[in-house]
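Below: the structure, in structure tokens.
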Amino acid sequence: MTEFKLETIQKVIIQEISQDDLENFLYICRISNIPNAIWVDGMIILLVTAHATEKNTERFFEGSRIYERVIFVKYPKYSKTAKGNGGSYELALRNYMNIPRFREFAKWIKSQSCWSIEPEKLK
């Protein structure tokens, strides 16, 4: 018989976090072939996992998750896709509002200084 066991994540390690404007965020997703992103509590989040090394694999099995970079965009209302002003690219959004860990993560992001800094708009 199969045993099922739910183990919680003990620690999330983020090496860099930044806010971006929607147009640049969508451009990054398009050229990186990213098909979807997470939407939770008024923001879109892109998680870039750290490279798989022996130490990072050990940390993973010890309950840690390591992200090389977290990029977020303020996006107040959920929709199934995010579309820029150009309109030719749509990024699918996954609604994670029903996942407590991600609501907690969004709350943490909002408490960081980068939340209140307006991102530079690229032309």
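Chains: A, B, ... in order of the structure tokens. Residues: from 1 per chain. Ligands: from 1, in order shown.
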Closest contacts (segment 45-95 of chain A/segment 26-30 of chain A, max 8 Å, only C-alpha atoms) as CSV:
```
residue,atom,partner,partner_atom,distance
A:Lys83,CA,A:Leu26,CA,7.7
A:Gly84,CA,A:Leu26,CA,7.0
A:Tyr89,CA,A:Arg30,CA,7.3
A:Glu90,CA,A:Leu26,CA,8.0
A:Leu91,CA,A:Leu26,CA,7.1
```
Inset, instruction - For segment 47-54 of chain A, work out the shell of residues within 10 Å, counting only C-alpha atoms and skipping chain neighbours fewer than 6 positions away, then give it as a PyMOL selection string. - result: chain A and resi 13-17+37-38+60+65-72
Go ahead and save the residues from that selection, with N, CA and C atoms, as an mmCIF file, in the first residue's frame.
```
data_model
loop_
_atom_site.group_PDB
_atom_site.id
_atom_site.type_symbol
_atom_site.label_atom_id
_atom_site.label_comp_id
_atom_site.auth_asym_id
_atom_site.auth_seq_id
_atom_site.Cartn_x
_atom_site.Cartn_y
_atom_site.Cartn_z
ATOM 1 N N ILE A 13 14.544 30.509 0.181
ATOM 2 C CA ILE A 13 15.713 31.369 0.032
ATOM 3 C C ILE A 13 15.591 32.088 -1.313
ATOM 4 N N ILE A 14 15.616 33.410 -1.274
ATOM 5 C CA ILE A 14 15.504 34.223 -2.481
ATOM 6 C C ILE A 14 16.777 35.038 -2.601
ATOM 7 N N GLN A 15 17.468 34.882 -3.723
ATOM 8 C CA GLN A 15 18.727 35.584 -3.898
ATOM 9 C C GLN A 15 18.542 37.010 -4.403
ATOM 10 N N GLU A 16 17.472 37.245 -5.178
ATOM 11 C CA GLU A 16 17.201 38.593 -5.685
ATOM 12 C C GLU A 16 15.704 38.731 -5.918
ATOM 13 N N ILE A 17 15.153 39.874 -5.561
ATOM 14 C CA ILE A 17 13.736 40.152 -5.799
ATOM 15 C C ILE A 17 13.614 41.526 -6.430
ATOM 16 N N ALA A 37 2.464 32.280 -15.616
ATOM 17 C CA ALA A 37 3.011 32.816 -14.366
ATOM 18 C C ALA A 37 1.929 32.720 -13.299
ATOM 19 N N ILE A 38 2.313 33.009 -12.081
ATOM 20 C CA ILE A 38 1.415 32.915 -10.930
ATOM 21 C C ILE A 38 0.790 34.279 -10.660
ATOM 22 N N PHE A 60 16.920 21.079 -0.847
ATOM 23 C CA PHE A 60 15.571 20.751 -1.304
ATOM 24 C C PHE A 60 14.980 19.625 -0.461
ATOM 25 N N ARG A 65 13.456 25.768 -0.408
ATOM 26 C CA ARG A 65 13.319 26.059 -1.825
ATOM 27 C C ARG A 65 14.174 27.280 -2.097
ATOM 28 N N ILE A 66 14.957 27.223 -3.186
ATOM 29 C CA ILE A 66 15.891 28.300 -3.487
ATOM 30 C C ILE A 66 15.547 28.895 -4.844
ATOM 31 N N TYR A 67 15.354 30.219 -4.846
ATOM 32 C CA TYR A 67 15.050 30.930 -6.082
ATOM 33 C C TYR A 67 16.154 31.929 -6.359
ATOM 34 N N GLU A 68 16.719 31.835 -7.546
ATOM 35 C CA GLU A 68 17.766 32.760 -7.956
ATOM 36 C C GLU A 68 17.196 34.172 -8.073
ATOM 37 N N ARG A 69 15.954 34.227 -8.559
ATOM 38 C CA ARG A 69 15.338 35.534 -8.744
ATOM 39 C C ARG A 69 13.824 35.416 -8.659
ATOM 40 N N VAL A 70 13.200 36.404 -8.058
ATOM 41 C CA VAL A 70 11.751 36.538 -8.034
ATOM 42 C C VAL A 70 11.436 37.888 -8.657
ATOM 43 N N ILE A 71 10.622 37.864 -9.709
ATOM 44 C CA ILE A 71 10.206 39.091 -10.379
ATOM 45 C C ILE A 71 8.696 39.204 -10.199
ATOM 46 N N PHE A 72 8.232 40.380 -9.821
ATOM 47 C CA PHE A 72 6.791 40.552 -9.662
ATOM 48 C C PHE A 72 6.329 41.828 -10.344
#
```
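Here the question is which of A:Ile109, A:Ile117, A:Ile9, A:Ile44 gets nearest to Tyr78 of chain A using only C-alpha atoms, and that residue is A:Ile44.
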Inset, instruction - Identify all residues of chain A in alpha helix (DSSP H) (DSSP on the backbone) and supply them as a list in words. - result: Leu22, Glu23, Asn24, Phe25, Leu26, Tyr27, Ile28, Cys29, Arg30, Ile31, Glu54, Lys55, Asn56, Thr57, Glu58, Arg59, Phe60, Phe61, Pro100, Arg101, Phe102, Arg103, Glu104, Phe105, Ala106, Lys107, Trp108, Ile109 and Lys110 of chain A
Dump of N, CA and C atoms for the selected residues, as a PDB file, in the first residue's frame:
```pdb
ATOM      1  N   LEU A  22       4.731  45.953 -16.452  1.00  0.00           N
ATOM      2  CA  LEU A  22       4.065  44.869 -17.175  1.00  0.00           C
ATOM      3  C   LEU A  22       4.669  44.626 -18.554  1.00  0.00           C
ATOM      4  N   GLU A  23       4.951  45.672 -19.300  1.00  0.00           N
ATOM      5  CA  GLU A  23       5.471  45.506 -20.663  1.00  0.00           C
ATOM      6  C   GLU A  23       6.809  44.767 -20.673  1.00  0.00           C
ATOM      7  N   ASN A  24       7.721  45.177 -19.807  1.00  0.00           N
ATOM      8  CA  ASN A  24       9.029  44.524 -19.758  1.00  0.00           C
ATOM      9  C   ASN A  24       8.902  43.092 -19.246  1.00  0.00           C
ATOM     10  N   PHE A  25       8.048  42.873 -18.255  1.00  0.00           N
ATOM     11  CA  PHE A  25       7.809  41.538 -17.706  1.00  0.00           C
ATOM     12  C   PHE A  25       7.308  40.595 -18.799  1.00  0.00           C
ATOM     13  N   LEU A  26       6.339  41.064 -19.574  1.00  0.00           N
ATOM     14  CA  LEU A  26       5.810  40.229 -20.660  1.00  0.00           C
ATOM     15  C   LEU A  26       6.871  39.965 -21.722  1.00  0.00           C
ATOM     16  N   TYR A  27       7.705  40.946 -21.996  1.00  0.00           N
ATOM     17  CA  TYR A  27       8.790  40.764 -22.957  1.00  0.00           C
ATOM     18  C   TYR A  27       9.762  39.693 -22.469  1.00  0.00           C
ATOM     19  N   ILE A  28      10.129  39.753 -21.201  1.00  0.00           N
ATOM     20  CA  ILE A  28      11.029  38.746 -20.620  1.00  0.00           C
ATOM     21  C   ILE A  28      10.407  37.354 -20.747  1.00  0.00           C
ATOM     22  N   CYS A  29       9.119  37.241 -20.429  1.00  0.00           N
ATOM     23  CA  CYS A  29       8.428  35.952 -20.518  1.00  0.00           C
ATOM     24  C   CYS A  29       8.393  35.451 -21.954  1.00  0.00           C
ATOM     25  N   ARG A  30       8.130  36.357 -22.887  1.00  0.00           N
ATOM     26  CA  ARG A  30       8.044  35.950 -24.293  1.00  0.00           C
ATOM     27  C   ARG A  30       9.383  35.444 -24.820  1.00  0.00           C
ATOM     28  N   ILE A  31      10.450  36.194 -24.601  1.00  0.00           N
ATOM     29  CA  ILE A  31      11.748  35.768 -25.158  1.00  0.00           C
ATOM     30  C   ILE A  31      12.338  34.581 -24.395  1.00  0.00           C
ATOM     31  N   GLU A  54      24.687  20.076  -6.042  1.00  0.00           N
ATOM     32  CA  GLU A  54      24.579  19.060  -4.995  1.00  0.00           C
ATOM     33  C   GLU A  54      24.054  19.676  -3.694  1.00  0.00           C
ATOM     34  N   LYS A  55      24.582  20.842  -3.348  1.00  0.00           N
ATOM     35  CA  LYS A  55      24.151  21.510  -2.116  1.00  0.00           C
ATOM     36  C   LYS A  55      22.677  21.936  -2.195  1.00  0.00           C
ATOM     37  N   ASN A  56      22.266  22.481  -3.352  1.00  0.00           N
ATOM     38  CA  ASN A  56      20.868  22.890  -3.506  1.00  0.00           C
ATOM     39  C   ASN A  56      19.928  21.694  -3.467  1.00  0.00           C
ATOM     40  N   THR A  57      20.351  20.566  -4.010  1.00  0.00           N
ATOM     41  CA  THR A  57      19.540  19.352  -3.955  1.00  0.00           C
ATOM     42  C   THR A  57      19.398  18.881  -2.511  1.00  0.00           C
ATOM     43  N   GLU A  58      20.474  18.944  -1.743  1.00  0.00           N
ATOM     44  CA  GLU A  58      20.405  18.598  -0.319  1.00  0.00           C
ATOM     45  C   GLU A  58      19.417  19.508   0.406  1.00  0.00           C
ATOM     46  N   ARG A  59      19.516  20.801   0.138  1.00  0.00           N
ATOM     47  CA  ARG A  59      18.602  21.761   0.771  1.00  0.00           C
ATOM     48  C   ARG A  59      17.149  21.475   0.409  1.00  0.00           C
ATOM     49  N   PHE A  60      16.920  21.079  -0.847  1.00  0.00           N
ATOM     50  CA  PHE A  60      15.571  20.751  -1.304  1.00  0.00           C
ATOM     51  C   PHE A  60      14.980  19.625  -0.461  1.00  0.00           C
ATOM     52  N   PHE A  61      15.751  18.573  -0.253  1.00  0.00           N
ATOM     53  CA  PHE A  61      15.255  17.435   0.520  1.00  0.00           C
ATOM     54  C   PHE A  61      15.179  17.727   2.017  1.00  0.00           C
ATOM     55  N   PRO A 100      -2.608  28.820   0.540  1.00  0.00           N
ATOM     56  CA  PRO A 100      -2.160  29.663   1.669  1.00  0.00           C
ATOM     57  C   PRO A 100      -0.692  30.061   1.616  1.00  0.00           C
ATOM     58  N   ARG A 101       0.186  29.157   1.218  1.00  0.00           N
ATOM     59  CA  ARG A 101       1.613  29.469   1.182  1.00  0.00           C
ATOM     60  C   ARG A 101       1.889  30.619   0.215  1.00  0.00           C
ATOM     61  N   PHE A 102       1.174  30.672  -0.905  1.00  0.00           N
ATOM     62  CA  PHE A 102       1.397  31.745  -1.866  1.00  0.00           C
ATOM     63  C   PHE A 102       0.755  33.051  -1.414  1.00  0.00           C
ATOM     64  N   ARG A 103      -0.357  32.998  -0.700  1.00  0.00           N
ATOM     65  CA  ARG A 103      -0.923  34.224  -0.113  1.00  0.00           C
ATOM     66  C   ARG A 103       0.063  34.799   0.907  1.00  0.00           C
ATOM     67  N   GLU A 104       0.681  33.922   1.685  1.00  0.00           N
ATOM     68  CA  GLU A 104       1.682  34.357   2.667  1.00  0.00           C
ATOM     69  C   GLU A 104       2.900  34.949   1.958  1.00  0.00           C
ATOM     70  N   PHE A 105       3.299  34.342   0.840  1.00  0.00           N
ATOM     71  CA  PHE A 105       4.425  34.832   0.053  1.00  0.00           C
ATOM     72  C   PHE A 105       4.117  36.238  -0.494  1.00  0.00           C
ATOM     73  N   ALA A 106       2.903  36.438  -1.015  1.00  0.00           N
ATOM     74  CA  ALA A 106       2.502  37.749  -1.529  1.00  0.00           C
ATOM     75  C   ALA A 106       2.524  38.787  -0.412  1.00  0.00           C
ATOM     76  N   LYS A 107       2.057  38.414   0.751  1.00  0.00           N
ATOM     77  CA  LYS A 107       2.075  39.326   1.900  1.00  0.00           C
ATOM     78  C   LYS A 107       3.509  39.714   2.244  1.00  0.00           C
ATOM     79  N   TRP A 108       4.422  38.746   2.188  1.00  0.00           N
ATOM     80  CA  TRP A 108       5.833  39.014   2.473  1.00  0.00           C
ATOM     81  C   TRP A 108       6.404  39.969   1.426  1.00  0.00           C
ATOM     82  N   ILE A 109       6.101  39.729   0.148  1.00  0.00           N
ATOM     83  CA  ILE A 109       6.595  40.618  -0.917  1.00  0.00           C
ATOM     84  C   ILE A 109       6.129  42.051  -0.667  1.00  0.00           C
ATOM     85  N   LYS A 110       4.865  42.208  -0.280  1.00  0.00           N
ATOM     86  CA  LYS A 110       4.321  43.548  -0.032  1.00  0.00           C
ATOM     87  C   LYS A 110       5.005  44.244   1.144  1.00  0.00           C
TER      88      LYS A 110
END
```
Legend entry - Which of A:Pro76, A:Asn36, A:Asn98, A:Gln19 sits closest to Pro119 of chain A [using only C-alpha atoms]: A:Gln19
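Atom pair atom CA of Lys121 of chain A / atom CA of Tyr96 of chain A has a distance of 26.9 Å (rounded to one decimal).
Closest to Lys11 of chain A among A:Ser32, A:Ser64, A:Asn85, A:Glu118 is A:Ser64, based on only C-alpha atoms.
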Legend entry - Which of segment 4-50 of chain A DSSP labels strand (DSSP E), written as a PyMOL selection string: chain A and resi 11-14+17-19+36-40+43-49
Restrict the selected residues to C-alpha atoms and save them as a PDB file, in the first residue's frame.
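So the final result, stored in result.pdb, reads:
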```
ATOM      1  CA  LYS A  11      12.498  27.832   4.343  1.00  0.00           C
ATOM      2  CA  VAL A  12      12.422  29.790   1.079  1.00  0.00           C
ATOM      3  CA  ILE A  13      15.713  31.369   0.032  1.00  0.00           C
ATOM      4  CA  ILE A  14      15.504  34.223  -2.481  1.00  0.00           C
ATOM      5  CA  ILE A  17      13.736  40.152  -5.799  1.00  0.00           C
ATOM      6  CA  SER A  18      12.595  42.930  -8.106  1.00  0.00           C
ATOM      7  CA  GLN A  19       9.501  44.663  -9.346  1.00  0.00           C
ATOM      8  CA  ASN A  36       2.491  31.062 -17.684  1.00  0.00           C
ATOM      9  CA  ALA A  37       3.011  32.816 -14.366  1.00  0.00           C
ATOM     10  CA  ILE A  38       1.415  32.915 -10.930  1.00  0.00           C
ATOM     11  CA  TRP A  39      -1.188  35.494  -9.941  1.00  0.00           C
ATOM     12  CA  VAL A  40      -1.888  35.983  -6.250  1.00  0.00           C
ATOM     13  CA  MET A  43       0.476  40.642  -8.334  1.00  0.00           C
ATOM     14  CA  ILE A  44       1.956  38.397 -10.992  1.00  0.00           C
ATOM     15  CA  ILE A  45       4.986  36.445  -9.789  1.00  0.00           C
ATOM     16  CA  LEU A  46       7.722  34.743 -11.778  1.00  0.00           C
ATOM     17  CA  LEU A  47       9.963  32.371  -9.830  1.00  0.00           C
ATOM     18  CA  VAL A  48      13.371  31.589 -11.304  1.00  0.00           C
ATOM     19  CA  THR A  49      14.751  28.519  -9.563  1.00  0.00           C
TER      20      THR A  49
END
```
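We find atom CA of Tyr75 of chain A and atom CA of Gln112 of chain A to be spaced 16.9 Å apart.
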Legend entry - Atom-to-atom span, atom CA of Pro35 of chain A and atom CA of Glu7 of chain A, Å: 28.2 Å
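Remark: for Ser116 of chain A, the closest of the candidate residues A:Arg94, A:Lys80, A:Lys5, A:Lys74 is A:Lys74 (distances computed over only C-alpha atoms).
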Legend entry - Shortest interatomic distance to Asn95 of chain A - which of A:Gln10, A:Gly42, A:Ile34, A:Ser113, counting only C-alpha atoms: A:Gly42
